[in-house]
>>> print(open('model.tsv').read())   # TSV, C-alpha atoms
chain	number	residue	atom	x	y	z
A	1	MET	CA	70.09	154.64	16.35
A	2	ARG	CA	72.82	154.91	18.99
A	3	ALA	CA	76.18	153.64	17.71
A	4	GLU	CA	78.88	152.23	19.95
A	5	ALA	CA	82.14	154.15	20.25
A	6	PRO	CA	84.94	152.65	18.11
A	7	VAL	CA	87.64	150.47	19.62
A	8	PRO	CA	91.24	151.68	19.18
A	9	PRO	CA	92.93	149.67	16.39
A	10	GLU	CA	95.69	148.19	18.57
A	11	ALA	CA	93.22	147.00	21.21
A	12	LEU	CA	90.90	145.57	18.56
A	13	ALA	CA	93.79	143.69	16.97
A	14	ALA	CA	94.68	142.15	20.34
A	15	ILE	CA	91.10	141.00	20.95
A	16	ARG	CA	90.82	139.67	17.40
A	17	ALA	CA	94.13	137.75	17.53
A	18	PRO	CA	92.92	134.63	19.43
A	19	PHE	CA	90.12	134.18	16.88
A	20	GLN	CA	92.50	134.55	13.96
A	21	ALA	CA	94.78	131.93	15.49
A	22	ALA	CA	91.91	129.41	15.68
A	23	GLY	CA	92.21	128.54	11.99
A	24	ALA	CA	88.62	129.33	11.03
A	25	GLU	CA	87.42	130.65	7.68
A	26	SER	CA	86.49	134.34	7.70
A	27	VAL	CA	82.94	134.97	6.50
A	28	ASP	CA	80.41	137.78	6.30
A	29	THR	CA	76.61	137.69	6.21
A	30	PRO	CA	73.93	140.11	4.94
A	31	ILE	CA	72.90	142.86	7.32
A	32	LEU	CA	69.25	142.34	6.34
A	33	GLN	CA	67.82	139.06	7.64
A	34	PRO	CA	64.34	137.47	7.19
A	35	LEU	CA	62.16	138.54	10.12
A	36	GLY	CA	59.87	135.52	10.26
A	37	LEU	CA	62.72	133.03	10.31
A	38	LEU	CA	64.56	134.84	13.10
A	39	LEU	CA	61.42	135.05	15.22
A	40	ASP	CA	60.81	131.32	14.74
A	41	LEU	CA	64.36	130.44	15.72
A	42	ALA	CA	65.26	133.05	18.32
A	43	GLY	CA	61.83	133.40	19.92
A	44	GLU	CA	59.00	135.89	19.80
A	45	ALA	CA	60.49	137.75	22.78
A	46	MET	CA	63.21	139.05	20.44
A	47	ARG	CA	60.72	141.11	18.42
A	48	ALA	CA	61.02	144.12	20.74
A	49	ARG	CA	64.80	144.10	20.23
A	50	LEU	CA	64.73	144.08	16.41
A	51	PHE	CA	64.92	146.89	13.87
A	52	VAL	CA	62.27	145.86	11.32
A	53	VAL	CA	62.40	147.08	7.71
A	54	GLN	CA	60.16	146.42	4.72
A	55	ALA	CA	60.28	147.49	1.09
A	56	GLU	CA	56.94	148.33	-0.49
A	57	GLY	CA	55.22	145.07	-1.31
A	58	GLY	CA	58.14	143.00	0.00
A	59	GLU	CA	58.64	140.63	2.89
A	60	GLU	CA	59.52	142.07	6.27
A	61	ALA	CA	63.17	141.85	7.25
A	62	CYS	CA	65.24	143.04	10.17
A	63	LEU	CA	68.72	144.37	10.73
A	64	ARG	CA	71.05	141.58	11.79
A	65	PRO	CA	70.69	141.12	15.59
A	66	ASP	CA	73.34	138.42	15.81
A	67	PHE	CA	75.59	136.32	13.56
A	68	THR	CA	74.73	132.79	14.71
A	69	VAL	CA	71.66	132.15	12.56
A	70	PRO	CA	73.11	133.75	9.38
A	71	VAL	CA	76.37	131.80	9.75
A	72	ALA	CA	74.45	128.56	10.36
A	73	ARG	CA	72.47	129.17	7.16
A	74	LEU	CA	75.69	129.86	5.26
A	75	HIS	CA	77.20	126.60	6.52
A	76	LEU	CA	74.14	124.54	5.56
A	77	ASP	CA	73.91	126.15	2.12
A	78	ARG	CA	77.40	124.82	1.42
A	79	GLY	CA	76.33	121.27	2.23
A	80	ALA	CA	79.40	120.67	4.37
A	81	GLU	CA	79.37	118.29	7.34
A	82	ALA	CA	81.86	120.32	9.37
A	83	GLY	CA	82.98	123.92	9.36
A	84	ARG	CA	84.57	126.64	11.46
A	85	TYR	CA	83.68	130.24	10.66
A	86	LEU	CA	85.10	133.50	11.98
A	87	TYR	CA	83.08	136.70	11.69
A	88	GLU	CA	83.48	140.35	12.64
A	89	GLY	CA	80.89	143.02	12.07
A	90	LYS	CA	78.10	145.24	13.32
A	91	VAL	CA	74.88	143.93	14.82
A	92	PHE	CA	71.78	145.89	15.72
A	93	ARG	CA	69.46	145.55	18.71
A	94	ALA	CA	66.91	148.12	19.80
A	95	ALA	CA	67.03	149.32	23.40
A	96	PRO	CA	64.30	151.99	23.64
A	97	ASP	CA	64.11	151.80	27.44
A	98	GLN	CA	67.88	151.88	27.96
A	99	PRO	CA	69.17	155.18	26.54
A	100	ASP	CA	72.69	154.49	27.82
A	101	ARG	CA	73.08	151.36	25.65
A	102	PRO	CA	74.32	151.38	22.06
A	103	GLU	CA	71.97	149.85	19.52
A	104	GLU	CA	74.65	149.35	16.87
A	105	PHE	CA	77.78	147.58	18.06
A	106	LEU	CA	80.67	145.36	17.01
A	107	GLN	CA	80.87	141.60	17.55
A	108	ILE	CA	83.70	139.17	16.86
A	109	GLY	CA	82.92	135.48	17.08
A	110	LEU	CA	83.41	131.93	15.91
A	111	GLU	CA	80.85	129.23	15.11
A	112	ARG	CA	81.84	125.58	14.91
A	113	PHE	CA	79.73	122.90	13.17
A	114	ASP	CA	80.28	119.13	13.39
A	115	THR	CA	78.31	115.90	13.17
A	116	GLY	CA	78.09	113.02	15.60
A	117	GLY	CA	78.15	113.10	19.39
A	118	VAL	CA	78.49	116.18	21.55
A	119	SER	CA	82.19	116.95	21.91
A	120	ALA	CA	83.60	118.15	25.21
A	121	GLU	CA	86.72	119.18	23.30
A	122	ALA	CA	84.69	121.47	21.03
A	123	ASP	CA	82.96	123.06	24.01
A	124	ALA	CA	86.29	123.60	25.73
A	125	GLU	CA	87.86	125.13	22.64
A	126	ILE	CA	85.07	127.69	22.28
A	127	VAL	CA	84.97	128.69	25.95
A	128	ALA	CA	88.76	129.02	26.15
A	129	LEU	CA	88.84	131.01	22.91
A	130	ALA	CA	86.27	133.49	24.23
A	131	TRP	CA	88.21	133.80	27.48
A	132	ARG	CA	91.51	134.56	25.73
A	133	ALA	CA	89.86	137.19	23.53
A	134	ALA	CA	88.11	138.83	26.48
A	135	VAL	CA	91.28	138.92	28.56
A	136	ALA	CA	93.13	140.53	25.63
A	137	GLY	CA	91.02	143.65	26.18
A	138	GLY	CA	93.04	144.38	29.30
A	139	ARG	CA	90.43	144.01	32.04
A	140	SER	CA	91.49	142.43	35.32
A	141	ASP	CA	87.97	141.93	36.74
A	142	LEU	CA	86.70	139.11	34.52
A	143	SER	CA	84.90	135.97	35.64
A	144	LEU	CA	83.62	132.90	33.79
A	145	TRP	CA	80.02	131.77	34.32
A	146	LEU	CA	78.78	128.39	33.11
A	147	GLY	CA	75.32	126.89	32.68
A	148	ASP	CA	73.51	124.19	30.73
A	149	ILE	CA	70.04	124.38	29.19
A	150	ALA	CA	70.13	120.58	28.75
A	151	LEU	CA	70.42	120.12	32.52
A	152	PHE	CA	67.22	122.10	32.98
A	153	ALA	CA	65.44	120.01	30.33
A	154	ALA	CA	66.65	116.78	31.93
A	155	PHE	CA	65.54	117.97	35.37
A	156	VAL	CA	62.08	118.80	34.00
A	157	ASP	CA	61.85	115.32	32.45
A	158	GLY	CA	62.32	113.83	35.92
A	159	LEU	CA	59.39	115.71	37.46
A	160	ASP	CA	56.67	113.45	36.02
A	161	LEU	CA	54.87	116.30	34.23
A	162	THR	CA	52.33	116.11	31.44
A	163	PRO	CA	54.03	116.34	28.02
A	164	ALA	CA	52.42	119.73	27.29
A	165	LEU	CA	53.56	121.24	30.57
A	166	ALA	CA	57.08	119.81	30.24
A	167	ALA	CA	57.40	121.22	26.71
A	168	ARG	CA	56.17	124.61	27.86
A	169	LEU	CA	58.71	124.75	30.69
A	170	LYS	CA	61.54	123.80	28.34
A	171	ARG	CA	60.56	126.57	25.93
A	172	ALA	CA	60.71	129.00	28.86
A	173	ALA	CA	64.17	127.85	29.95
A	174	ALA	CA	65.88	131.12	28.99
A	175	ARG	CA	62.96	133.41	29.88
A	176	PRO	CA	62.88	134.26	33.59
A	177	ARG	CA	59.53	136.04	33.31
A	178	LEU	CA	57.77	133.03	31.77
A	179	LEU	CA	59.33	130.65	34.27
A	180	GLN	CA	58.23	132.83	37.16
A	181	GLY	CA	54.74	132.86	35.69
A	182	GLU	CA	54.64	129.06	35.70
A	183	LEU	CA	55.91	128.95	39.28
A	184	ALA	CA	53.41	131.60	40.39
A	185	ARG	CA	50.40	129.61	39.17
A	186	ALA	CA	51.54	126.36	40.78
A	187	GLY	CA	48.75	124.49	42.52
A	188	GLN	CA	45.95	126.14	40.57
A	189	PRO	CA	43.30	123.87	39.03
A	190	PRO	CA	42.98	123.83	35.22
A	191	SER	CA	39.56	125.43	35.45
A	192	ALA	CA	41.17	128.60	36.78
A	193	ASN	CA	43.12	128.94	33.55
A	194	GLU	CA	40.51	128.19	30.89
A	195	PRO	CA	41.00	130.36	27.80
A	196	GLY	CA	38.31	132.45	26.24
A	197	GLY	CA	37.70	134.44	23.10
A	198	LEU	CA	39.32	133.77	19.77
A	199	ALA	CA	42.06	131.49	21.15
A	200	ALA	CA	39.49	129.12	22.64
A	201	LEU	CA	37.51	129.07	19.38
A	202	LEU	CA	40.57	128.36	17.24
A	203	SER	CA	41.77	125.59	19.56
A	204	SER	CA	38.78	123.45	18.50
A	205	LEU	CA	39.90	123.56	14.85
A	206	SER	CA	42.78	122.13	12.86
A	207	PRO	CA	45.68	124.56	12.26
A	208	VAL	CA	44.70	124.95	8.58
A	209	ASP	CA	41.02	125.63	9.37
A	210	ALA	CA	42.05	127.93	12.20
A	211	GLY	CA	44.24	129.87	9.77
A	212	ARG	CA	41.35	130.24	7.33
A	213	MET	CA	39.07	131.51	10.08
A	214	LEU	CA	41.70	134.00	11.17
A	215	GLU	CA	41.94	135.29	7.59
A	216	GLU	CA	38.17	135.75	7.53
A	217	VAL	CA	38.29	137.70	10.79
A	218	TRP	CA	41.02	139.94	9.37
A	219	ALA	CA	39.02	140.54	6.19
A	220	LEU	CA	35.84	141.41	8.10
A	221	ALA	CA	37.73	143.79	10.36
A	222	GLY	CA	39.76	145.33	7.54
A	223	ILE	CA	43.02	144.32	9.24
A	224	GLU	CA	46.27	144.05	7.28
A	225	PRO	CA	48.51	141.53	9.10
A	226	VAL	CA	52.09	142.51	9.90
A	227	GLY	CA	55.05	140.85	11.56
A	228	GLY	CA	56.27	138.39	8.94
A	229	ARG	CA	53.87	135.57	9.94
A	230	GLY	CA	51.05	133.96	7.99
A	231	PRO	CA	47.59	133.20	9.37
A	232	THR	CA	48.30	129.51	9.96
A	233	GLU	CA	51.40	130.31	12.00
A	234	ILE	CA	49.54	132.89	14.08
A	235	ALA	CA	46.63	130.49	14.57
A	236	GLU	CA	49.00	127.74	15.74
A	237	ARG	CA	50.47	130.10	18.32
A	238	LEU	CA	47.02	131.06	19.56
A	239	ILE	CA	46.08	127.38	19.78
A	240	ARG	CA	49.21	126.61	21.81
A	241	ARG	CA	48.40	129.54	24.08
A	242	ALA	CA	44.87	128.24	24.62
A	243	GLU	CA	46.13	124.74	25.32
A	244	ALA	CA	48.73	126.08	27.75
A	245	ALA	CA	46.13	128.11	29.63
A	246	SER	CA	43.87	125.09	30.09
A	247	ALA	CA	46.65	122.60	30.88
A	248	PRO	CA	47.35	121.49	34.46
A	249	ALA	CA	49.71	123.71	36.39
A	250	LEU	CA	52.73	122.58	38.36
A	251	THR	CA	51.95	121.08	41.72
A	252	LEU	CA	53.32	122.93	44.71
A	253	ASP	CA	55.95	120.21	45.22
A	254	GLN	CA	57.03	120.36	41.58
A	255	ALA	CA	57.29	124.14	41.72
A	256	GLU	CA	59.39	123.96	44.86
A	257	ALA	CA	61.71	121.42	43.22
A	258	LEU	CA	62.17	123.77	40.26
A	259	ARG	CA	62.89	126.71	42.56
A	260	ARG	CA	65.58	124.72	44.35
A	261	PHE	CA	67.12	123.73	41.02
A	262	LEU	CA	67.11	127.28	39.63
A	263	ALA	CA	68.63	128.69	42.83
A	264	ILE	CA	71.85	126.66	42.50
A	265	GLU	CA	74.90	128.87	41.97
A	266	ALA	CA	78.37	127.85	43.12
A	267	GLU	CA	81.78	126.68	41.93
A	268	PRO	CA	81.18	124.19	39.09
A	269	ALA	CA	81.92	120.98	41.01
A	270	ASP	CA	79.82	122.07	44.00
A	271	ALA	CA	76.95	123.25	41.80
A	272	LEU	CA	76.83	119.99	39.85
A	273	GLU	CA	76.91	118.04	43.12
A	274	ALA	CA	73.94	120.09	44.32
A	275	VAL	CA	72.06	119.29	41.11
A	276	ALA	CA	72.79	115.59	41.58
A	277	GLY	CA	71.33	115.86	45.07
A	278	LEU	CA	68.00	116.91	43.56
A	279	ALA	CA	67.85	114.02	41.10
A	280	GLY	CA	64.87	111.77	41.73
A	281	PRO	CA	64.23	108.14	40.76
A	282	LYS	CA	63.04	109.20	37.28
A	283	SER	CA	66.10	111.37	36.57
A	284	LYS	CA	68.12	109.06	34.30
A	285	ALA	CA	68.59	111.81	31.72
A	286	LEU	CA	69.77	114.24	34.39
A	287	LYS	CA	72.29	111.77	35.77
A	288	ALA	CA	73.63	111.14	32.26
A	289	ALA	CA	73.95	114.89	31.62
A	290	LEU	CA	75.81	115.35	34.90
A	291	LYS	CA	78.23	112.57	34.00
A	292	GLY	CA	79.05	114.41	30.78
A	293	TRP	CA	80.02	117.48	32.79
A	294	THR	CA	82.82	115.59	34.54
A	295	ASP	CA	84.61	115.23	31.20
A	296	ARG	CA	83.67	118.76	30.10
A	297	LEU	CA	85.19	120.39	33.21
A	298	ALA	CA	88.43	118.45	32.69
A	299	LYS	CA	88.61	119.52	29.04
A	300	LEU	CA	87.84	123.14	29.94
A	301	SER	CA	90.69	123.18	32.41
A	302	GLU	CA	93.09	121.62	29.91
A	303	ALA	CA	92.12	124.23	27.30
A	304	GLY	CA	92.99	127.09	29.64
A	305	ALA	CA	89.57	128.17	30.91
A	306	PRO	CA	89.74	129.42	34.55
A	307	ILE	CA	87.63	126.60	36.01
A	308	ALA	CA	89.15	126.95	39.49
A	309	HIS	CA	87.58	130.40	39.77
A	310	ALA	CA	84.47	129.90	37.61
A	311	ARG	CA	80.84	129.89	38.73
A	312	PHE	CA	78.07	127.55	37.59
A	313	ALA	CA	74.48	128.83	37.63
A	314	THR	CA	71.59	126.53	36.68
A	315	ALA	CA	69.49	129.57	35.70
A	316	LEU	CA	72.06	130.88	33.20
A	317	GLY	CA	70.43	131.19	29.78
A	318	HIS	CA	70.61	133.51	26.78
A	319	ALA	CA	68.17	135.82	25.06
A	320	PHE	CA	68.04	133.55	22.00
A	321	ASP	CA	65.83	130.46	22.30
A	322	TYR	CA	67.97	128.22	20.11
A	323	TYR	CA	70.58	127.43	22.79
A	324	ASP	CA	69.97	123.90	24.08
A	325	GLY	CA	73.14	122.79	25.89
A	326	LEU	CA	76.20	124.42	27.40
A	327	THR	CA	75.85	128.17	27.98
A	328	PHE	CA	78.50	130.54	29.24
A	329	GLU	CA	79.21	134.19	29.87
A	330	ILE	CA	82.35	136.16	30.64
A	331	ARG	CA	81.48	139.03	32.93
A	332	SER	CA	83.20	142.14	34.20
A	333	ALA	CA	82.67	143.14	37.82
A	334	ALA	CA	82.59	146.78	36.72
A	335	LEU	CA	79.91	146.26	34.05
A	336	GLY	CA	77.73	143.79	35.94
A	337	ALA	CA	75.85	140.63	35.01
A	338	ASP	CA	73.56	142.29	32.47
A	339	ARG	CA	76.44	143.48	30.26
A	340	PRO	CA	78.61	140.43	29.59
A	341	ILE	CA	81.89	140.75	27.72
A	342	ALA	CA	81.36	137.48	25.86
A	343	VAL	CA	78.61	134.87	25.55
A	344	GLY	CA	78.28	131.55	23.82
A	345	GLY	CA	77.09	128.00	24.01
A	346	ARG	CA	75.81	124.92	22.26
A	347	TYR	CA	72.85	125.00	19.87
A	348	ASP	CA	72.72	121.54	18.32
A	349	SER	CA	69.04	121.77	17.33
A	350	LEU	CA	69.41	124.96	15.28
A	351	PRO	CA	71.04	123.42	12.16
A	352	THR	CA	68.40	120.68	12.14
A	353	ARG	CA	65.60	123.25	12.39
A	354	LEU	CA	67.15	124.97	9.38
A	355	GLY	CA	67.02	121.75	7.37
A	356	GLY	CA	70.38	120.25	8.33
A	357	PRO	CA	71.09	116.62	9.32
A	358	ALA	CA	69.65	115.16	12.52
A	359	ASP	CA	73.13	114.53	13.94
A	360	ALA	CA	74.31	118.12	13.38
A	361	ARG	CA	76.24	119.65	16.27
A	362	ALA	CA	77.03	123.34	16.75
A	363	VAL	CA	78.71	125.53	19.34
A	364	GLY	CA	79.96	129.09	19.18
A	365	CYS	CA	80.81	132.32	20.95
A	366	MET	CA	81.01	136.04	20.44
A	367	VAL	CA	82.94	138.84	22.15
A	368	ARG	CA	81.97	142.50	22.44
A	369	PRO	CA	85.34	144.26	21.90
A	370	ARG	CA	84.20	147.60	23.30
A	371	ARG	CA	83.08	145.96	26.54
A	372	ALA	CA	86.29	143.95	26.74
A	373	LEU	CA	88.36	147.12	26.55
A	374	SER	CA	89.89	148.15	29.87
A	375	GLU	CA	89.08	151.62	31.19
A	376	THR	CA	92.69	152.75	30.77
A	377	ALA	CA	92.65	151.80	27.07
A	378	ARG	CA	89.47	153.70	26.16
>>> encode(input="model.tsv", output="structure tokens")
Amino acid sequence: MRAEAPVPPEALAAIRAPFQAAGAESVDTPILQPLGLLLDLAGEAMRARLFVVQAEGGEEACLRPDFTVPVARLHLDRGAEAGRYLYEGKVFRAAPDQPDRPEEFLQIGLERFDTGGVSAEADAEIVALAWRAAVAGGRSDLSLWLGDIALFAAFVDGLDLTPALAARLKRAAARPRLLQGELARAGQPPSANEPGGLAALLSSLSPVDAGRMLEEVWALAGIEPVGGRGPTEIAERLIRRAEAASAPALTLDQAEALRRFLAIEAEPADALEAVAGLAGPKSKALKAALKGWTDRLAKLSEAGAPIAHARFATALGHAFDYYDGLTFEIRSAALGADRPIAVGGRYDSLPTRLGGPADARAVGCMVRPRRALSETAR
């Protein structure tokens, strides 16, 4: 495993200082995390990035790839309605095809949990906090990039799609490859996508019966399942895949509308105006989401985020599937878009999926101190 070079103590203290001043409780979480839960919450695409471990006869686990899910679980275990948690520690993500990237590296971050309506003040606090910490590393080439998964979902809702297709597109919001796949098959008739094999057979059964059949297949073939998932879960995924393959594709007009939406990238006010220009007669949710951004931009500016020089990109998402609202990145011109200094956003649905209240609200950020460090300070 490739470990990241350490950050000099003085530089690390400077990057840490804005977080310490935020008044959050310092917490730590176990390095070993349950594999199945993380895959359910962060998405199956994360599997290739995880270091999986398993004791003999035990459940599969993985080395901590991020702090958000563990901190959310810690918060919910306490039964508190609100909480602010500061963390600092190593995370682990495999990068077998990128030998120049560390697989063990340091993160510092803050997660904020509330209840009630989405708070523009909370969003602004987190973005401004990440900006101050990133700037403390000494770089002079930083830029703030904003996005919003909820805008994408609201835009999809205005396209008059079948429920199955709309849900599939929303699940693919942060996965460029899956989105491009949906766009590429636009205009194709359902018959061109009919599933075959085991997935088609399972799709005619209930999830429980499909799970039992899958167990029988494994037993006959002498297969020992791996990956932290039970037969019913795997069967449900195969059923969804079969249904997706046989569902109607986007029309050519719908695909073109999505391409125009995903291509928007400009200063925040101009980008949001461009999104509004694409809103159709069935886009009430999109118009409401855009109205919320007027207040959010004002709060971001008041909090000290560099809105006058920021960029807004409708295609900006994160590797983890649980983000469902505001997303942001702080980038360095020297490192490029694929190595952000800091990332964060809103993930209101995550606490609920973990068993929390329906009105739970959550937003957070993390900074990579080594990336934030200026070249002269290394």
>>> atom_distance(input="model.tsv", atom1="atom CA of Ala13 of chain A", atom2="atom CA of Gly336 of chain A")
24.9 Å
>>> atom_distance(input="model.tsv", atom1="atom CA of Pro281 of chain A", atom2="atom CA of Phe155 of chain A")
11.3 Å
>>> closest_residue(input="model.tsv", among="A:Ala257, A:Leu38, A:Ile126, A:Ala153", to="Leu354 of chain A", atoms="all atoms listed in the file")
A:Leu38
>>> residues_around(input="model.tsv", residues="Leu262 of chain A", least_positions_apart="4", cutoff="8 Å", atoms="all atoms listed in the file", output="MDAnalysis selection string")
chainID A and resid 258 313:315
>>> write_last_selection(input="model.tsv", atoms="C-alpha atoms", output="short mmCIF file (atom, residue, chain, number, x, y, z; two decimals), in the coordinates of the input")
data_model
loop_
_atom_site.label_atom_id
_atom_site.label_comp_id
_atom_site.auth_asym_id
_atom_site.auth_seq_id
_atom_site.Cartn_x
_atom_site.Cartn_y
_atom_site.Cartn_z
CA LEU A 258 62.17 123.77 40.26
CA ALA A 313 74.48 128.83 37.63
CA THR A 314 71.59 126.53 36.68
CA ALA A 315 69.49 129.57 35.70
#
>>> residues_around(input="model.tsv", residues="Pro306 of chain A", least_positions_apart="5", cutoff="9 Å", atoms="all atoms listed in the file", output="MDAnalysis selection string")
chainID A and resid 128 131 143:144 300:301
>>> residues_around(input="model.tsv", residues="Ala61 of chain A", least_positions_apart="6", cutoff="9 Å", atoms="all atoms listed in the file", output="PDB file with C-alpha atoms, keeping the file's coordinate frame")
ATOM      1  CA  LEU A  32      69.250 142.340   6.340  1.00  0.00           C
ATOM      2  CA  GLN A  33      67.820 139.060   7.640  1.00  0.00           C
ATOM      3  CA  PRO A  34      64.340 137.470   7.190  1.00  0.00           C
ATOM      4  CA  LEU A  35      62.160 138.540  10.120  1.00  0.00           C
ATOM      5  CA  GLY A  36      59.870 135.520  10.260  1.00  0.00           C
ATOM      6  CA  PHE A  51      64.920 146.890  13.870  1.00  0.00           C
ATOM      7  CA  VAL A  52      62.270 145.860  11.320  1.00  0.00           C
ATOM      8  CA  VAL A  53      62.400 147.080   7.710  1.00  0.00           C
ATOM      9  CA  GLN A  54      60.160 146.420   4.720  1.00  0.00           C
ATOM     10  CA  ALA A  55      60.280 147.490   1.090  1.00  0.00           C
ATOM     11  CA  GLY A 228      56.270 138.390   8.940  1.00  0.00           C
TER      12      GLY A 228
END
>>> closest_residue(input="model.tsv", among="A:Leu373, A:Ala24, A:Val91, A:Leu278", to="Gln254 of chain A", atoms="only C-alpha atoms")
A:Leu278
>>> residues_around(input="model.tsv", residues="segment 108-123 of chain A", least_positions_apart="5", cutoff="6 Å", atoms="only C-alpha atoms", output="VMD selection string")
chain A and resid 82 to 88 296 359 to 367
>>> residues_around(input="model.tsv", residues="Thr294 of chain A", least_positions_apart="4", cutoff="12 Å", atoms="only C-alpha atoms", output="JSON, numbers by chain")
{"A": [120, 268, 269, 270, 272, 273, 287, 288, 289, 290, 298, 299, 300, 301]}
>>> atom_distance(input="model.tsv", atom1="atom CA of Ala167 of chain A", atom2="atom CA of Ala94 of chain A")
29.4 Å
>>> decode(input="model.tsv", residues="segment 277-297 of chain A", atoms="N, CA and C atoms", output="PDB file, in the first residue's frame")
ATOM      1  N   GLY A 277     -33.295  28.544 -17.985  1.00  0.00           N
ATOM      2  CA  GLY A 277     -33.705  28.613 -19.382  1.00  0.00           C
ATOM      3  C   GLY A 277     -34.105  27.280 -19.968  1.00  0.00           C
ATOM      4  N   LEU A 278     -33.680  26.188 -19.331  1.00  0.00           N
ATOM      5  CA  LEU A 278     -34.042  24.850 -19.803  1.00  0.00           C
ATOM      6  C   LEU A 278     -35.291  24.306 -19.128  1.00  0.00           C
ATOM      7  N   ALA A 279     -35.788  25.010 -18.125  1.00  0.00           N
ATOM      8  CA  ALA A 279     -36.941  24.523 -17.367  1.00  0.00           C
ATOM      9  C   ALA A 279     -38.186  24.516 -18.241  1.00  0.00           C
ATOM     10  N   GLY A 280     -38.865  23.374 -18.289  1.00  0.00           N
ATOM     11  CA  GLY A 280     -40.080  23.235 -19.065  1.00  0.00           C
ATOM     12  C   GLY A 280     -41.318  23.468 -18.218  1.00  0.00           C
ATOM     13  N   PRO A 281     -42.502  23.264 -18.798  1.00  0.00           N
ATOM     14  CA  PRO A 281     -43.747  23.512 -18.065  1.00  0.00           C
ATOM     15  C   PRO A 281     -43.958  22.588 -16.875  1.00  0.00           C
ATOM     16  N   LYS A 282     -43.272  21.424 -16.854  1.00  0.00           N
ATOM     17  CA  LYS A 282     -43.427  20.477 -15.747  1.00  0.00           C
ATOM     18  C   LYS A 282     -42.261  20.553 -14.771  1.00  0.00           C
ATOM     19  N   SER A 283     -41.566  21.684 -14.731  1.00  0.00           N
ATOM     20  CA  SER A 283     -40.342  21.814 -13.939  1.00  0.00           C
ATOM     21  C   SER A 283     -40.550  22.619 -12.664  1.00  0.00           C
ATOM     22  N   LYS A 284     -41.647  22.377 -11.948  1.00  0.00           N
ATOM     23  CA  LYS A 284     -41.893  23.115 -10.706  1.00  0.00           C
ATOM     24  C   LYS A 284     -40.800  22.842  -9.677  1.00  0.00           C
ATOM     25  N   ALA A 285     -40.380  21.592  -9.566  1.00  0.00           N
ATOM     26  CA  ALA A 285     -39.334  21.255  -8.591  1.00  0.00           C
ATOM     27  C   ALA A 285     -38.026  21.936  -8.942  1.00  0.00           C
ATOM     28  N   LEU A 286     -37.712  22.022 -10.223  1.00  0.00           N
ATOM     29  CA  LEU A 286     -36.475  22.674 -10.649  1.00  0.00           C
ATOM     30  C   LEU A 286     -36.520  24.164 -10.343  1.00  0.00           C
ATOM     31  N   LYS A 287     -37.635  24.789 -10.599  1.00  0.00           N
ATOM     32  CA  LYS A 287     -37.761  26.224 -10.319  1.00  0.00           C
ATOM     33  C   LYS A 287     -37.636  26.500  -8.825  1.00  0.00           C
ATOM     34  N   ALA A 288     -38.201  25.621  -8.005  1.00  0.00           N
ATOM     35  CA  ALA A 288     -38.083  25.783  -6.554  1.00  0.00           C
ATOM     36  C   ALA A 288     -36.640  25.623  -6.111  1.00  0.00           C
ATOM     37  N   ALA A 289     -35.930  24.637  -6.688  1.00  0.00           N
ATOM     38  CA  ALA A 289     -34.529  24.424  -6.326  1.00  0.00           C
ATOM     39  C   ALA A 289     -33.665  25.614  -6.737  1.00  0.00           C
ATOM     40  N   LEU A 290     -33.958  26.184  -7.879  1.00  0.00           N
ATOM     41  CA  LEU A 290     -33.208  27.361  -8.338  1.00  0.00           C
ATOM     42  C   LEU A 290     -33.452  28.552  -7.421  1.00  0.00           C
ATOM     43  N   LYS A 291     -34.661  28.707  -6.952  1.00  0.00           N
ATOM     44  CA  LYS A 291     -34.973  29.809  -6.037  1.00  0.00           C
ATOM     45  C   LYS A 291     -34.163  29.686  -4.761  1.00  0.00           C
ATOM     46  N   GLY A 292     -33.968  28.454  -4.286  1.00  0.00           N
ATOM     47  CA  GLY A 292     -33.165  28.242  -3.086  1.00  0.00           C
ATOM     48  C   GLY A 292     -31.719  28.653  -3.272  1.00  0.00           C
ATOM     49  N   TRP A 293     -31.226  28.567  -4.496  1.00  0.00           N
ATOM     50  CA  TRP A 293     -29.835  28.940  -4.754  1.00  0.00           C
ATOM     51  C   TRP A 293     -29.597  30.444  -4.652  1.00  0.00           C
ATOM     52  N   THR A 294     -30.611  31.240  -4.851  1.00  0.00           N
ATOM     53  CA  THR A 294     -30.454  32.688  -4.693  1.00  0.00           C
ATOM     54  C   THR A 294     -30.022  33.017  -3.269  1.00  0.00           C
ATOM     55  N   ASP A 295     -30.699  32.402  -2.292  1.00  0.00           N
ATOM     56  CA  ASP A 295     -30.354  32.603  -0.883  1.00  0.00           C
ATOM     57  C   ASP A 295     -29.004  31.971  -0.567  1.00  0.00           C
ATOM     58  N   ARG A 296     -28.732  30.779  -1.126  1.00  0.00           N
ATOM     59  CA  ARG A 296     -27.484  30.082  -0.837  1.00  0.00           C
ATOM     60  C   ARG A 296     -26.281  30.894  -1.315  1.00  0.00           C
ATOM     61  N   LEU A 297     -26.343  31.463  -2.495  1.00  0.00           N
ATOM     62  CA  LEU A 297     -25.219  32.257  -3.006  1.00  0.00           C
ATOM     63  C   LEU A 297     -24.960  33.474  -2.117  1.00  0.00           C
TER      64      LEU A 297
END
